[in-house]
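*Asks:* This is the content of model.csv (CSV, C-alpha atoms):
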chain,number,residue,atom,x,y,z
A,1,MET,CA,-7.5,20.7,86.7
A,2,ASN,CA,-10.5,18.5,85.9
A,3,VAL,CA,-11.3,17.2,82.4
A,4,ALA,CA,-13.9,14.7,81.2
A,5,ILE,CA,-13.7,13.6,77.6
A,6,SER,CA,-16.8,12.1,75.9
A,7,SER,CA,-16.3,10.2,72.7
A,8,ALA,CA,-20.0,10.1,72.2
A,9,SER,CA,-20.2,13.9,71.9
A,10,ASP,CA,-20.5,15.6,68.5
A,11,LYS,CA,-17.8,18.1,69.5
A,12,PRO,CA,-14.3,17.2,68.4
A,13,ILE,CA,-12.2,16.1,71.4
A,14,TYR,CA,-9.7,19.0,71.2
A,15,GLN,CA,-12.8,21.4,71.4
A,16,GLN,CA,-14.0,19.7,74.5
A,17,LEU,CA,-10.6,20.0,76.1
A,18,PHE,CA,-10.3,23.6,75.1
A,19,GLU,CA,-13.8,24.5,76.4
A,20,GLN,CA,-13.4,22.8,79.7
A,21,ILE,CA,-9.9,24.2,80.5
A,22,SER,CA,-10.7,27.7,79.4
A,23,ALA,CA,-13.9,27.7,81.5
A,24,GLN,CA,-11.8,26.7,84.5
A,25,ILE,CA,-9.3,29.4,83.8
A,26,LEU,CA,-12.0,32.1,83.4
A,27,LYS,CA,-13.9,31.0,86.5
A,28,GLY,CA,-10.6,31.4,88.4
A,29,GLU,CA,-10.4,27.7,89.3
A,30,LEU,CA,-7.0,27.5,87.6
A,31,ARG,CA,-4.9,30.5,88.7
A,32,SER,CA,-2.3,32.3,86.7
A,33,GLY,CA,1.0,30.4,86.9
A,34,TYR,CA,-0.6,27.0,87.1
A,35,PHE,CA,1.4,24.5,85.0
A,36,LEU,CA,-0.5,22.4,82.5
A,37,PRO,CA,0.7,18.8,82.2
A,38,PRO,CA,3.1,18.2,79.3
A,39,ILE,CA,1.3,17.4,76.1
A,40,ARG,CA,2.4,13.8,75.7
A,41,GLN,CA,1.7,13.0,79.4
A,42,ALA,CA,-1.8,14.5,79.1
A,43,ALA,CA,-2.4,12.5,75.9
A,44,LEU,CA,-1.4,9.3,77.7
A,45,GLU,CA,-3.5,10.0,80.8
A,46,LEU,CA,-6.6,11.1,78.9
A,47,ARG,CA,-6.2,8.3,76.3
A,48,ILE,CA,-6.4,10.7,73.4
A,49,SER,CA,-3.9,11.4,70.6
A,50,VAL,CA,-0.9,13.7,71.1
A,51,ILE,CA,-2.0,15.9,68.3
A,52,THR,CA,-5.4,16.4,69.9
A,53,VAL,CA,-3.9,17.8,73.1
A,54,LYS,CA,-1.4,19.9,71.1
A,55,LYS,CA,-4.3,21.4,69.2
A,56,ALA,CA,-6.2,22.3,72.4
A,57,TRP,CA,-3.1,23.8,74.0
A,58,GLU,CA,-2.5,25.8,70.8
A,59,GLU,CA,-6.0,27.1,70.9
A,60,LEU,CA,-5.7,28.1,74.5
A,61,GLU,CA,-2.5,30.0,73.7
A,62,ARG,CA,-4.1,31.7,70.7
A,63,CYS,CA,-6.8,33.0,73.0
A,64,GLY,CA,-4.2,34.3,75.4
A,65,LEU,CA,-5.2,32.0,78.2
A,66,ILE,CA,-1.9,30.2,78.5
A,67,HIS,CA,1.8,30.8,77.7
A,68,THR,CA,4.5,28.4,76.6
A,69,VAL,CA,8.0,28.6,77.9
A,70,THR,CA,10.3,26.4,75.8
A,71,GLY,CA,11.6,23.5,77.8
A,72,LYS,CA,9.4,24.2,80.7
A,73,GLY,CA,5.9,23.8,79.4
A,74,CYS,CA,2.6,25.7,79.4
A,75,PHE,CA,1.2,27.7,82.2
A,76,VAL,CA,-1.9,29.8,82.8
A,77,ALA,CA,-1.3,33.4,81.8
A,78,GLU,CA,-1.8,36.5,83.9
A,79,PHE,CA,-4.6,38.8,82.9
A,80,THR,CA,-6.3,42.0,84.0
A,81,PRO,CA,-9.9,41.8,85.0
A,82,GLU,CA,-10.8,43.6,81.8
A,83,GLU,CA,-9.0,41.1,79.6
A,84,MET,CA,-10.7,38.3,81.5
A,85,LEU,CA,-14.1,39.8,80.8
A,86,ARG,CA,-13.3,40.3,77.1
A,87,ILE,CA,-12.1,36.7,76.7
A,88,ARG,CA,-15.1,35.4,78.6
A,89,ASN,CA,-17.5,37.5,76.5
A,90,ASP,CA,-15.9,36.3,73.3
A,91,MET,CA,-16.4,32.7,74.3
A,92,ILE,CA,-20.0,33.2,75.4
A,93,LEU,CA,-20.8,35.1,72.1
A,94,LYS,CA,-19.4,32.1,70.2
A,95,GLN,CA,-21.8,29.8,72.0
A,96,MET,CA,-24.7,32.2,71.6
A,97,ALA,CA,-24.2,32.4,67.9
A,98,VAL,CA,-24.7,28.6,67.7
A,99,ASP,CA,-27.8,28.8,69.9
A,100,ALA,CA,-29.2,31.8,68.0
A,101,ALA,CA,-29.0,29.9,64.7
A,102,TYR,CA,-31.0,27.1,66.3
A,103,TYR,CA,-33.7,29.5,67.5
A,104,LYS,CA,-33.8,31.2,64.1
A,105,SER,CA,-34.4,27.9,62.4
A,106,PHE,CA,-37.8,27.9,64.2
A,107,GLY,CA,-38.5,31.5,63.2
A,108,LEU,CA,-38.3,32.9,66.7
A,109,THR,CA,-37.9,36.7,67.1
A,110,LEU,CA,-35.5,38.1,69.7
A,111,GLU,CA,-38.3,39.1,72.0
A,112,GLU,CA,-39.7,35.6,71.9
A,113,VAL,CA,-36.3,34.2,72.7
A,114,PHE,CA,-36.0,36.6,75.7
A,115,GLU,CA,-39.4,35.5,76.9
A,116,LEU,CA,-38.6,31.8,76.8
A,117,MET,CA,-35.2,32.4,78.2
A,118,ARG,CA,-36.7,34.2,81.2
A,119,LYS,CA,-38.7,31.1,82.1
A,120,ILE,CA,-35.7,28.9,82.5
A,121,PHE,CA,-32.9,31.3,83.4
B,1,MET,CA,12.5,13.5,61.6
B,2,LEU,CA,10.4,11.1,59.6
B,3,ALA,CA,10.2,7.6,61.1
B,4,LEU,CA,8.8,6.3,57.9
B,5,ASP,CA,8.8,7.8,54.4
B,6,ILE,CA,7.2,5.8,51.7
B,7,ARG,CA,7.2,7.2,48.1
B,8,ASN,CA,5.5,5.9,45.0
B,9,LEU,CA,5.3,2.2,45.9
B,10,ASN,CA,4.0,0.1,43.0
B,11,LYS,CA,3.4,-3.6,42.9
B,12,SER,CA,1.3,-5.4,40.4
B,13,TYR,CA,-0.3,-8.8,40.8
B,14,PRO,CA,-2.5,-10.3,38.1
B,15,ALA,CA,-5.7,-9.2,39.9
B,16,PHE,CA,-4.5,-6.4,42.2
B,17,GLN,CA,-2.1,-3.6,42.2
B,18,LEU,CA,-0.6,-1.1,44.7
B,19,LYS,CA,-0.5,2.2,42.8
B,20,ASP,CA,1.8,5.0,43.8
B,21,VAL,CA,1.4,4.4,47.6
B,22,THR,CA,2.9,7.4,49.3
B,23,PHE,CA,2.8,8.5,52.9
B,24,GLN,CA,5.0,9.7,55.8
B,25,LEU,CA,5.0,9.2,59.5
B,26,GLU,CA,6.7,11.7,61.8
B,27,GLN,CA,8.7,10.3,64.6
B,28,GLY,CA,6.9,10.0,68.0
B,29,TYR,CA,3.4,9.6,66.7
B,30,ILE,CA,0.8,6.9,66.1
B,31,MET,CA,-0.6,6.3,62.6
B,32,GLY,CA,-3.6,4.1,61.9
B,33,PHE,CA,-3.6,2.4,58.5
B,34,ILE,CA,-7.1,1.7,57.5
B,35,GLY,CA,-8.9,0.1,54.6
B,36,ALA,CA,-11.3,-2.7,53.8
B,37,ASN,CA,-10.1,-6.3,53.5
B,38,GLY,CA,-8.1,-6.7,50.3
B,39,ALA,CA,-7.4,-2.9,50.0
B,40,GLY,CA,-3.7,-3.4,50.1
B,41,LYS,CA,-2.8,-2.9,53.8
B,42,THR,CA,-0.7,-6.1,54.2
B,43,THR,CA,0.8,-5.8,50.8
B,44,THR,CA,2.0,-2.3,51.7
B,45,ILE,CA,3.4,-3.4,55.0
B,46,LYS,CA,5.2,-6.3,53.4
B,47,SER,CA,6.6,-3.9,50.8
B,48,ILE,CA,7.9,-1.6,53.6
B,49,LEU,CA,9.7,-4.5,55.2
B,50,ASN,CA,11.1,-5.8,51.9
B,51,LEU,CA,9.2,-9.1,52.4
B,52,LEU,CA,8.1,-8.9,48.9
B,53,HIS,CA,9.7,-7.5,45.8
B,54,ILE,CA,8.2,-4.2,44.8
B,55,ASP,CA,8.1,-3.1,41.1
B,56,SER,CA,9.1,0.5,42.0
B,57,GLY,CA,9.2,3.0,44.8
B,58,GLU,CA,11.3,4.0,47.8
B,59,VAL,CA,11.1,3.3,51.5
B,60,HIS,CA,13.1,5.3,54.1
B,61,VAL,CA,13.1,4.3,57.7
B,62,LEU,CA,14.5,6.7,60.3
B,63,GLY,CA,16.1,8.7,57.5
B,64,LYS,CA,17.9,5.7,55.9
B,65,SER,CA,17.0,3.8,52.7
B,66,MET,CA,15.5,0.4,53.4
B,67,ALA,CA,16.9,-1.0,50.2
B,68,GLU,CA,20.5,-0.1,51.2
B,69,HIS,CA,20.4,-0.6,55.0
B,70,GLU,CA,17.9,-3.4,55.4
B,71,LEU,CA,19.7,-5.5,58.0
B,72,GLU,CA,20.7,-2.5,60.2
B,73,LEU,CA,17.2,-1.0,60.0
B,74,LYS,CA,15.5,-4.2,60.9
B,75,GLN,CA,17.2,-4.0,64.3
B,76,GLU,CA,15.2,-0.8,64.8
B,77,ILE,CA,11.9,-2.1,63.6
B,78,GLY,CA,9.5,-4.2,65.6
B,79,TYR,CA,6.9,-6.0,63.5
B,80,ALA,CA,4.1,-8.4,64.0
B,81,PHE,CA,1.6,-10.0,61.6
B,82,GLY,CA,-1.2,-11.3,63.6
B,83,GLY,CA,-0.2,-14.3,65.7
B,84,VAL,CA,2.9,-16.5,65.7
B,85,ASP,CA,2.0,-19.5,63.7
B,86,PHE,CA,5.2,-21.3,63.0
B,87,TYR,CA,7.1,-24.0,65.0
B,88,THR,CA,3.8,-24.6,66.7
B,89,ARG,CA,5.1,-27.7,68.5
B,90,SER,CA,7.8,-25.7,70.2
B,91,LYS,CA,7.6,-24.1,73.6
B,92,LEU,CA,7.5,-20.3,73.7
B,93,LYS,CA,10.8,-20.2,75.5
B,94,THR,CA,12.5,-22.3,72.8
B,95,LEU,CA,11.2,-20.0,70.0
B,96,THR,CA,12.1,-16.9,71.9
B,97,ASP,CA,15.6,-18.2,72.5
B,98,ALA,CA,16.0,-18.6,68.8
B,99,ILE,CA,14.6,-15.2,67.9
B,100,ARG,CA,16.4,-13.1,70.6
B,101,ARG,CA,19.8,-14.0,69.0
B,102,PHE,CA,18.9,-12.0,65.9
B,103,TYR,CA,18.7,-8.8,67.9
B,104,LYS,CA,21.7,-6.8,69.3
B,105,HIS,CA,19.6,-4.9,71.7
B,106,TRP,CA,17.3,-7.6,73.0
B,107,ASP,CA,15.8,-6.4,76.3
B,108,GLU,CA,15.2,-9.4,78.5
B,109,ASP,CA,13.5,-7.3,81.2
B,110,ALA,CA,11.1,-5.7,78.8
B,111,TYR,CA,10.3,-9.2,77.4
B,112,ARG,CA,9.7,-10.6,80.9
B,113,GLY,CA,7.5,-7.6,81.6
B,114,TYR,CA,5.3,-8.2,78.6
B,115,LEU,CA,5.0,-12.0,79.3
B,116,ARG,CA,3.7,-11.0,82.8
B,117,ARG,CA,1.4,-8.3,81.4
B,118,PHE,CA,0.0,-10.6,78.7
B,119,LYS,CA,-0.2,-13.5,81.1
B,120,LEU,CA,1.8,-15.7,78.8
B,121,ASP,CA,3.3,-19.0,80.1
B,122,GLU,CA,6.7,-19.6,78.5
B,123,ASN,CA,6.4,-23.4,79.0
B,124,LYS,CA,3.4,-23.7,76.8
B,125,LYS,CA,3.7,-24.8,73.2
B,126,ILE,CA,2.6,-22.3,70.5
B,127,ALA,CA,-0.1,-24.8,69.4
B,128,GLU,CA,-1.6,-24.6,72.9
B,129,LEU,CA,-2.2,-20.8,72.7
B,130,SER,CA,-5.5,-19.3,71.8
B,131,ALA,CA,-5.7,-16.9,68.8
B,132,GLY,CA,-5.5,-13.9,71.1
B,133,MET,CA,-2.5,-15.3,73.0
B,134,LYS,CA,-0.6,-15.9,69.8
B,135,VAL,CA,-1.1,-12.2,68.9
B,136,LYS,CA,0.1,-11.2,72.3
B,137,TYR,CA,3.2,-13.4,72.0
B,138,SER,CA,4.1,-11.9,68.7
B,139,LEU,CA,3.6,-8.4,70.1
B,140,ALA,CA,5.9,-9.3,73.1
B,141,LEU,CA,8.6,-10.3,70.6
B,142,ALA,CA,8.1,-7.2,68.6
B,143,LEU,CA,8.3,-4.9,71.6
B,144,SER,CA,11.3,-6.4,73.2
B,145,HIS,CA,14.3,-5.3,71.2
B,146,GLY,CA,14.3,-1.6,71.6
B,147,ALA,CA,12.7,-0.9,68.3
B,148,LYS,CA,12.2,2.7,67.3
B,149,LEU,CA,9.5,2.0,64.7
B,150,LEU,CA,6.7,-0.5,65.2
B,151,ILE,CA,4.9,-1.8,62.2
B,152,LEU,CA,2.0,-4.0,63.3
B,153,ASP,CA,-0.5,-5.6,61.0
B,154,GLU,CA,-4.0,-6.0,62.7
B,155,PRO,CA,-2.5,-6.2,66.2
B,156,THR,CA,-5.9,-5.8,67.9
B,157,SER,CA,-7.9,-8.3,65.9
B,158,GLY,CA,-8.7,-11.4,67.8
B,159,LEU,CA,-8.2,-9.7,71.1
B,160,ASP,CA,-11.0,-9.2,73.6
B,161,PRO,CA,-12.0,-5.6,74.5
B,162,VAL,CA,-10.0,-5.6,77.8
B,163,SER,CA,-6.8,-6.8,76.0
B,164,ARG,CA,-7.4,-4.3,73.2
B,165,ASP,CA,-7.7,-1.5,75.7
B,166,ASP,CA,-4.5,-2.7,77.4
B,167,LEU,CA,-2.7,-2.8,74.1
B,168,LEU,CA,-3.7,0.8,73.2
B,169,ASP,CA,-2.5,1.8,76.6
B,170,ILE,CA,0.9,0.2,75.8
B,171,PHE,CA,1.0,2.0,72.5
B,172,GLN,CA,0.4,5.4,74.1
B,173,SER,CA,3.0,4.8,76.8
B,174,LEU,CA,5.5,3.8,74.1
B,175,VAL,CA,5.2,7.1,72.2
B,176,VAL,CA,5.2,9.3,75.3
B,177,ASP,CA,8.9,10.2,75.0
B,178,GLY,CA,8.5,11.1,71.4
B,179,GLU,CA,11.1,8.6,70.3
B,180,ILE,CA,9.1,5.6,69.2
B,181,SER,CA,6.6,5.7,66.3
B,182,ILE,CA,3.9,3.2,65.5
B,183,LEU,CA,2.2,2.3,62.3
B,184,PHE,CA,-0.7,-0.2,62.8
B,185,SER,CA,-3.3,-1.4,60.4
B,186,THR,CA,-6.7,-2.3,61.5
B,187,HIS,CA,-10.3,-2.3,60.5
B,188,ILE,CA,-11.5,-1.8,64.1
B,189,THR,CA,-11.7,1.9,63.7
B,190,SER,CA,-12.9,2.6,67.2
B,191,ASP,CA,-9.3,1.7,68.3
B,192,LEU,CA,-8.1,4.7,66.3
B,193,GLU,CA,-10.7,7.3,67.0
B,194,LYS,CA,-8.9,8.1,70.2
B,195,CYS,CA,-5.3,7.2,70.1
B,196,ALA,CA,-4.1,7.7,66.5
B,197,ASP,CA,-2.6,11.0,65.5
B,198,PHE,CA,-2.6,10.3,61.8
B,199,ILE,CA,-4.7,8.2,59.5
B,200,THR,CA,-3.7,6.7,56.2
B,201,PHE,CA,-6.7,5.4,54.3
B,202,ILE,CA,-6.0,2.9,51.4
B,203,ASP,CA,-8.7,1.8,49.1
B,204,ASN,CA,-8.3,-0.6,46.1
B,205,GLY,CA,-4.5,-0.2,46.2
B,206,ARG,CA,-4.4,3.6,46.3
B,207,VAL,CA,-3.9,5.9,49.2
B,208,ILE,CA,-7.1,8.0,49.3
B,209,ARG,CA,-5.7,10.3,52.0
B,210,SER,CA,-3.0,10.4,54.6
B,211,SER,CA,-3.3,13.2,57.2
B,212,GLU,CA,-3.8,14.2,60.8
B,213,LYS,CA,-6.9,12.4,62.1
B,214,ASN,CA,-9.1,15.4,62.7
B,215,GLU,CA,-8.2,16.9,59.4
B,216,PHE,CA,-8.9,13.6,57.8
B,217,VAL,CA,-12.5,13.3,59.0
B,218,GLU,CA,-13.2,17.0,58.5
B,219,THR,CA,-12.4,16.6,54.8
B,220,TYR,CA,-15.7,14.8,54.5
B,221,ARG,CA,-19.3,15.5,55.4
B,222,LEU,CA,-22.1,13.1,56.0
B,223,LEU,CA,-25.3,14.5,54.5
B,224,ASN,CA,-28.7,13.6,55.9
B,225,GLY,CA,-31.3,15.1,53.5
B,226,LYS,CA,-34.7,14.7,52.1
B,227,GLU,CA,-35.1,12.6,49.0
B,228,SER,CA,-36.2,15.6,47.0
B,229,GLU,CA,-32.8,17.2,47.7
B,230,LEU,CA,-30.8,14.2,46.5
B,231,ASN,CA,-30.7,15.3,42.9
B,232,ASP,CA,-29.0,18.6,43.7
B,233,VAL,CA,-25.9,16.8,45.2
B,234,LYS,CA,-26.2,13.3,43.7
B,235,ASP,CA,-23.3,13.6,41.2
B,236,LYS,CA,-21.0,15.0,43.9
B,237,LEU,CA,-21.6,12.3,46.5
B,238,ILE,CA,-19.0,9.6,47.0
B,239,SER,CA,-21.9,7.2,47.6
B,240,TYR,CA,-25.3,7.3,49.2
B,241,LYS,CA,-28.2,5.3,50.7
B,242,ILE,CA,-31.9,6.0,50.4
B,243,ASN,CA,-34.3,5.1,53.1
B,244,SER,CA,-37.8,6.1,54.2
B,245,PHE,CA,-36.4,9.2,56.0
B,246,GLY,CA,-34.5,10.5,53.1
B,247,PHE,CA,-31.0,9.9,52.1
B,248,THR,CA,-27.6,9.8,53.7
B,249,GLY,CA,-24.5,10.3,51.7
B,250,LEU,CA,-20.8,11.0,52.0
B,251,ILE,CA,-19.4,14.1,50.2
B,252,HIS,CA,-16.0,15.9,50.1
B,253,ALA,CA,-16.4,19.0,52.4
B,254,ALA,CA,-15.1,21.1,49.5
B,255,ASP,CA,-18.0,19.9,47.2
B,256,PHE,CA,-20.6,20.7,49.8
B,257,ASP,CA,-22.4,24.0,49.9
B,258,PRO,CA,-23.7,24.5,53.5
B,259,SER,CA,-26.2,27.1,52.3
B,260,SER,CA,-28.1,24.3,50.5
B,261,GLY,CA,-29.7,23.7,53.9
B,262,ILE,CA,-29.0,20.0,53.9
B,263,PRO,CA,-28.1,18.9,57.4
B,264,SER,CA,-24.6,17.7,57.6
B,265,THR,CA,-22.3,16.2,60.2
B,266,VAL,CA,-18.6,15.3,60.3
B,267,PRO,CA,-18.4,11.5,59.8
B,268,ASN,CA,-16.4,9.0,61.8
B,269,LEU,CA,-13.7,6.8,60.3
B,270,GLU,CA,-16.0,3.8,60.0
B,271,GLU,CA,-18.6,5.8,58.0
B,272,ILE,CA,-16.0,7.1,55.6
B,273,MET,CA,-14.8,3.5,55.0
B,274,ILE,CA,-18.3,2.2,54.5
B,275,TYR,CA,-19.3,4.9,52.0
B,276,PHE,CA,-16.1,4.4,50.0
B,277,ALA,CA,-16.7,0.6,49.9
B,278,ARG,CA,-20.2,1.3,48.6
B,279,LYS,CA,-18.8,3.4,45.8
B,280,GLU,CA,-16.9,0.4,44.5
B,281,HIS,CA,-20.0,-1.8,44.5
B,282,SER,CA,-22.0,0.8,42.6
B,283,HIS,CA,-19.4,0.9,39.9
B,284,VAL,CA,-19.4,-2.9,39.4
Go ahead and express the file in the form of structure tokens.

*Replies:*
Amino acid sequence: MNVAISSASDKPIYQQLFEQISAQILKGELRSGYFLPPIRQAALELRISVITVKKAWEELERCGLIHTVTGKGCFVAEFTPEEMLRIRNDMILKQMAVDAAYYKSFGLTLEEVFELMRKIF
Amino acid sequence: MLALDIRNLNKSYPAFQLKDVTFQLEQGYIMGFIGANGAGKTTTIKSILNLLHIDSGEVHVLGKSMAEHELELKQEIGYAFGGVDFYTRSKLKTLTDAIRRFYKHWDEDAYRGYLRRFKLDENKKIAELSAGMKVKYSLALALSHGAKLLILDEPTSGLDPVSRDDLLDIFQSLVVDGEISILFSTHITSDLEKCADFITFIDNGRVIRSSEKNEFVETYRLLNGKESELNDVKDKLISYKINSFGFTGLIHAADFDPSSGIPSTVPNLEEIMIYFARKEHSHV
């Protein structure tokens, strides 16, 4: 697992943690059954607060990406390819909603967005 | 369990009062206690430790009443107020030798470890230490008797960035087992942005808010609008500044209507403190 926290970012730290870990799970870099470090250990190593890690782990669990076994810790859940696709699409849609709002603020139409997107994609 | 439970502390001085100070710290977490100079941080801390006589209120430490079990509880509390500034002509080892006798669970190994980590020479006199070294010495004493609750007043002030970073590292390692809890006051809010779980903000003797850190900052919004938009929100702002680009002001998130189109961000701890301080000035 690889995590880089930026305190200069506008995003809350738990959000950064959540996004980076969920991306690694969805890309298959973290396989099902992989044990996440204990919350307090992760907080110490990343130099962030215990509650921040807790929140990120909770968010991962809410999305069905990890499971918690009391006394053992958290590990990456097992999913079918369909589930993986659904979770991935949910995440991408969330980001797209943010981006779309930005494009709309300039009054772009969907076609114009497509056209510009094609240039850089 | 609550490591610290403070309810309705009141203390009046001729020109200042603590008013119904109430907050709780759960065991195993770090709480930052913030507020401007003179806001009541040290008065609150001294009240917790029964170092001054409060007018009313209750303090419970690790589930026990401080008023009834003061001596017993003080074995469990490590505290430091800035640097050691007494018996300045004594050597560190002489002073430590006197202090260690008060504690049943004095941990000589831990103490030696901190001396090494802080690069403190036991054969020096207190008067020969720099301001930062005095702070480190007082922390070494506070951390060396197996305390379950650490109450530290401005432990990072006077320390250079490397020492501050080292100290925050020590704090985080101490709470890793979930046994030890730390309350520390500071006005260097960058020390808290990362490592504190909870924030208690005191302003003019009253607790404005005590909550989990993220929740704390998300209770507020920093607006960055055009001057023409100021009138729509002016009476709801905690305080504001006007410059040639428009205005910036702090508002309770609950009072802010995002559909107003005024750009807003979540403020950091320092911004919240600054705008609250400006509010006081504007009322004078």

*Asks:* Determine, for each residue of chain A having at least one atom at most 7 Å from an atom of chain B, the closest pair of atoms and their separation in Å to one decimal, counting all atoms listed in the file; order by chain and ascending number, as a tab-separated table.

*Replies:*
residue	atom	partner	partner_atom	distance
A:Arg40	CA	B:Val176	CA	5.3
A:Gln41	CA	B:Val176	CA	6.5
A:Leu44	CA	B:Gln172	CA	5.6
A:Arg47	CA	B:Cys195	CA	6.4
A:Ile48	CA	B:Lys194	CA	4.8
A:Ser49	CA	B:Cys195	CA	4.5
A:Val50	CA	B:Asp197	CA	6.4
A:Ile51	CA	B:Asp197	CA	5.7

*Asks:* Figure out the distance between CA of Phe184 in chain B and CA of Met66 in chain B, please, to one decimal in Å.

*Replies:*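 CA of Met66 in chain B sits 18.7 Å away from CA of Phe184 in chain B.
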
*Asks:* Residues within 12 Å of Arg88 in chain A, please, as JSON, numbers by chain. Count only C-alpha atoms; anything in the same chain fewer than 5 positions from it doesn't count.

*Replies:* {"A": [19, 22, 23, 24, 25, 26, 27, 28, 63, 64, 65, 79, 81, 82, 83, 93, 94, 95]}

*Asks:* Return the single residue from A:Glu111, A:Phe75, A:Ser105, A:Asn2 that is closest to Gly261 in chain B, with distances computed using all atoms listed in the file.

*Replies:* A:Ser105

*Asks:* Please report the interatomic distance between CA of Lys104 in chain B and CA of Gln75 in chain B in Å with one decimal.

*Replies:*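 So the answer is 7.3 Å.
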
*Asks:* If I put a ball of radius 12 Å at (-10.6, 17.0, 79.3) in the file's coordinates, which residues poke into it when counting all atoms listed in the file, written as a PyMOL selection string?

*Replies:* chain A and resi 1-7+12-24+36-37+42-43+45-48+52-53+56-57

*Asks:* Could you work out how far CA of Val59 in chain B lies from CA of Pro155 in chain B, giving the answer in Å with one decimal?

*Replies:*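 Separating CA of Pro155 in chain B from CA of Val59 in chain B is a distance of 22.2 Å.
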
*Asks:* With distances taken over only C-alpha atoms, which of B:Phe23, B:Ser259, B:Ile6, B:Ser264 is nearest to Ala67 in chain B?

*Replies:*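 Of B:Phe23, B:Ser259, B:Ile6, B:Ser264, the one nearest Ala67 in chain B, counting only C-alpha atoms, is B:Ile6.
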
*Asks:* Find the residues around Thr200 in chain B up to 6 Å (only C-alpha atoms counted), leave out those fewer than 5 positions away in its own chain, and share them as a list in words.

*Replies:*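 Final neighbour list, sorted by chain and number: Phe33, Arg209 and Ser210 of chain B.
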